[in-house]
Amino acid sequence: MPIDLATGLDDAMGISEEMMACPTLRVPLIEPGTETGELVRLYDESRQMWGTVPRYLQLMAHVPAGVEAWNLLDRELRLKRLSSDPEYVILEELAIIKTSLMNKCNNCTGHNVELGRSLGLTDEQIIELSGDEWRRSTVFGDKQKAVIAWAEAVTDRSANGNEEVFAGMRRHFDDTRIVELTLIIAMWNLSNRFAEALHLVVEPPGARITFQ
C-alpha cells in the first residue's frame, strides 16, 4: 500500500482532489454556521482543539452525544498528553495510522498522517508503516513496533489469542497505558467503519485538523 506523501493517502484508495474538495456523502453534513443548540458549544470545543470542525464531527453531529463523547476522549487521551508526554502521543498516532490503513479509511488516514508528521514522524516511517516493512525496519524502536503490532492484532481480531504480541506490550507499558492504547485502536476501528460506511472523504491537505 504505497503512500502518496502529497495527500497522505494510500494510492489504492482512489481518492482524487475533486473528491476531497467536493465529497458526496450518504448523509448531509451539519456544516459550521448552521449548528444550533448544544452543537454550538461542541463545535467551539472542536475549534479550540483542532482549529476547525472536521467533516467527521459534522457528520457525527446528527447525534450530538457522539460528538461530545469523541471530543472528551480526544481531549483526555491525546491533547492533554501533548505537553506532558509527546512521545506517547506519537505512539498513539502510529496505532491510529496503522489501524486506518488496514481498514482502508481515507478520512482517518489523511488526518492522522498529517498529525503524525507534525509530531515528528518521518516520511520513511509513514511509508514503512503502510506495509509490512516496519517489522524489519530500523526506523522504529522496539516500543514503537510493539504498538504497531498490537494495533494490527486488535484490528485483524487476532489479539485475543496472540500472547506473543501482548507480551511485547507488557514489556513496555503498564496496565493503564495498555488499556489506553487498546481503547485508541478500538476507537479508530469505530471511526474507520463509521466514515467509510457513510462515504466520508477526507478534507484536502491544508484543510485538515491540526494540534492546537
# chains A, B, ... in the order shown; residues from 1 in each chain; ligands from 1

$ select_by_dssp --residues "stretch 57-117 of chain A" --states "alpha helix (DSSP H)" --output "short mmCIF file (atom, residue, chain, number, x, y, z; two decimals) with C-alpha atoms, in the first residue's frame"
data_model
loop_
_atom_site.label_atom_id
_atom_site.label_comp_id
_atom_site.auth_asym_id
_atom_site.auth_seq_id
_atom_site.Cartn_x
_atom_site.Cartn_y
_atom_site.Cartn_z
CA LEU A 57 -17.70 15.69 13.52
CA GLN A 58 -20.05 17.49 11.12
CA LEU A 59 -21.34 14.06 10.11
CA MET A 60 -21.49 12.73 13.67
CA PRO A 64 -24.64 15.30 19.41
CA ALA A 65 -23.87 12.84 22.21
CA GLY A 66 -21.40 11.16 19.84
CA VAL A 67 -19.60 14.46 19.23
CA GLU A 68 -19.46 15.18 22.97
CA ALA A 69 -18.03 11.73 23.71
CA TRP A 70 -15.50 11.95 20.89
CA ASN A 71 -14.34 15.42 21.96
CA LEU A 72 -13.92 14.22 25.53
CA LEU A 73 -11.84 11.19 24.60
CA ASP A 74 -9.71 13.15 22.12
CA ARG A 81 -0.72 14.27 26.61
CA LEU A 82 0.93 16.68 24.17
CA SER A 83 2.57 18.77 26.88
CA SER A 84 3.21 16.03 29.41
CA PRO A 86 4.56 13.97 23.44
CA GLU A 87 6.39 10.71 22.70
CA TYR A 88 3.34 8.83 23.90
CA VAL A 89 1.12 10.79 21.50
CA ILE A 90 3.44 9.70 18.68
CA LEU A 91 2.79 6.08 19.73
CA GLU A 92 -0.94 6.78 19.62
CA GLU A 93 -0.60 8.22 16.13
CA LEU A 94 1.33 5.16 14.96
CA ALA A 95 -1.50 2.97 16.24
CA ILE A 96 -4.17 5.16 14.60
CA ILE A 97 -2.42 5.32 11.24
CA LYS A 98 -1.76 1.57 11.14
CA THR A 99 -5.39 0.84 12.04
CA SER A 100 -6.74 3.29 9.45
CA LEU A 101 -4.52 1.91 6.70
CA MET A 102 -5.61 -1.64 7.44
CA ASN A 106 -9.09 7.64 3.70
CA ASN A 107 -10.59 10.10 6.19
CA CYS A 108 -8.74 8.86 9.25
CA THR A 109 -5.54 8.07 7.35
CA GLY A 110 -5.29 11.53 5.81
CA HIS A 111 -5.86 13.44 9.03
CA ASN A 112 -3.54 11.31 11.13
CA VAL A 113 -0.67 11.10 8.66
CA GLU A 114 -0.56 14.90 8.84
CA LEU A 115 -0.87 14.90 12.64
CA GLY A 116 1.88 12.31 12.91
CA ARG A 117 4.17 14.35 10.67
#

$ atom_distance --atom1 "atom CA of A:Ser46" --atom2 "atom CA of A:Ser191"
16.3 Å

$ residues_around --residues "A:Arg135" --least-positions-apart "4" --cutoff "10 Å" --atoms "only C-alpha atoms" --output "VMD selection string"
chain A and resid 128 to 129 131 140 142 145 to 146 148 to 149

$ residues_around --residues "A:Ser16" --least-positions-apart "3" --cutoff "10 Å" --atoms "only C-alpha atoms" --output "list in words"
Thr7, Asp11, Met13, Met19, Met20, Ala21, Cys22, Val201 and Pro204 of chain A

$ closest_residue --among "A:Val165, A:Ala61, A:Leu183, A:Ala12" --to "A:Glu31" --atoms "only C-alpha atoms"
A:Ala61

$ residues_around --residues "A:Pro23" --least-positions-apart "3" --cutoff "10 Å" --atoms "only C-alpha atoms" --output "VMD selection string"
chain A and resid 17 to 20 26 55 199 to 203

$ write_last_selection --atoms "N, CA and C atoms" --output "PDB file, in the first residue's frame"
ATOM      1  N   GLU A  17      -8.402  14.661  -5.940  1.00  0.00           N
ATOM      2  CA  GLU A  17      -8.516  16.007  -5.384  1.00  0.00           C
ATOM      3  C   GLU A  17      -9.960  16.490  -5.452  1.00  0.00           C
ATOM      4  N   GLU A  18     -10.647  16.155  -6.539  1.00  0.00           N
ATOM      5  CA  GLU A  18     -12.039  16.581  -6.686  1.00  0.00           C
ATOM      6  C   GLU A  18     -12.923  15.944  -5.614  1.00  0.00           C
ATOM      7  N   MET A  19     -12.685  14.683  -5.321  1.00  0.00           N
ATOM      8  CA  MET A  19     -13.467  14.009  -4.286  1.00  0.00           C
ATOM      9  C   MET A  19     -13.214  14.619  -2.918  1.00  0.00           C
ATOM     10  N   MET A  20     -11.959  15.001  -2.651  1.00  0.00           N
ATOM     11  CA  MET A  20     -11.649  15.631  -1.371  1.00  0.00           C
ATOM     12  C   MET A  20     -12.318  16.996  -1.261  1.00  0.00           C
ATOM     13  N   ARG A  26     -23.464   9.902   2.051  1.00  0.00           N
ATOM     14  CA  ARG A  26     -24.787   9.288   2.132  1.00  0.00           C
ATOM     15  C   ARG A  26     -25.738  10.092   3.017  1.00  0.00           C
ATOM     16  N   ARG A  55     -15.025  17.376   8.989  1.00  0.00           N
ATOM     17  CA  ARG A  55     -16.228  16.746   8.434  1.00  0.00           C
ATOM     18  C   ARG A  55     -16.688  15.563   9.277  1.00  0.00           C
ATOM     19  N   HIS A 199     -19.530   7.073   3.422  1.00  0.00           N
ATOM     20  CA  HIS A 199     -18.831   7.679   2.279  1.00  0.00           C
ATOM     21  C   HIS A 199     -18.175   9.019   2.628  1.00  0.00           C
ATOM     22  N   LEU A 200     -17.633   9.122   3.833  1.00  0.00           N
ATOM     23  CA  LEU A 200     -16.958  10.352   4.246  1.00  0.00           C
ATOM     24  C   LEU A 200     -15.563  10.405   3.633  1.00  0.00           C
ATOM     25  N   VAL A 201     -15.277  11.472   2.911  1.00  0.00           N
ATOM     26  CA  VAL A 201     -13.984  11.658   2.262  1.00  0.00           C
ATOM     27  C   VAL A 201     -13.207  12.731   3.013  1.00  0.00           C
ATOM     28  N   VAL A 202     -11.916  12.501   3.180  1.00  0.00           N
ATOM     29  CA  VAL A 202     -11.063  13.426   3.919  1.00  0.00           C
ATOM     30  C   VAL A 202     -10.982  14.792   3.239  1.00  0.00           C
ATOM     31  N   GLU A 203     -10.792  15.823   4.043  1.00  0.00           N
ATOM     32  CA  GLU A 203     -10.574  17.159   3.512  1.00  0.00           C
ATOM     33  C   GLU A 203      -9.261  17.211   2.739  1.00  0.00           C
TER      34      GLU A 203
END

$ closest_residue --among "A:Ala197, A:Val179, A:Ile126, A:Ile185" --to "A:Gly8" --atoms "only C-alpha atoms"
A:Ile126
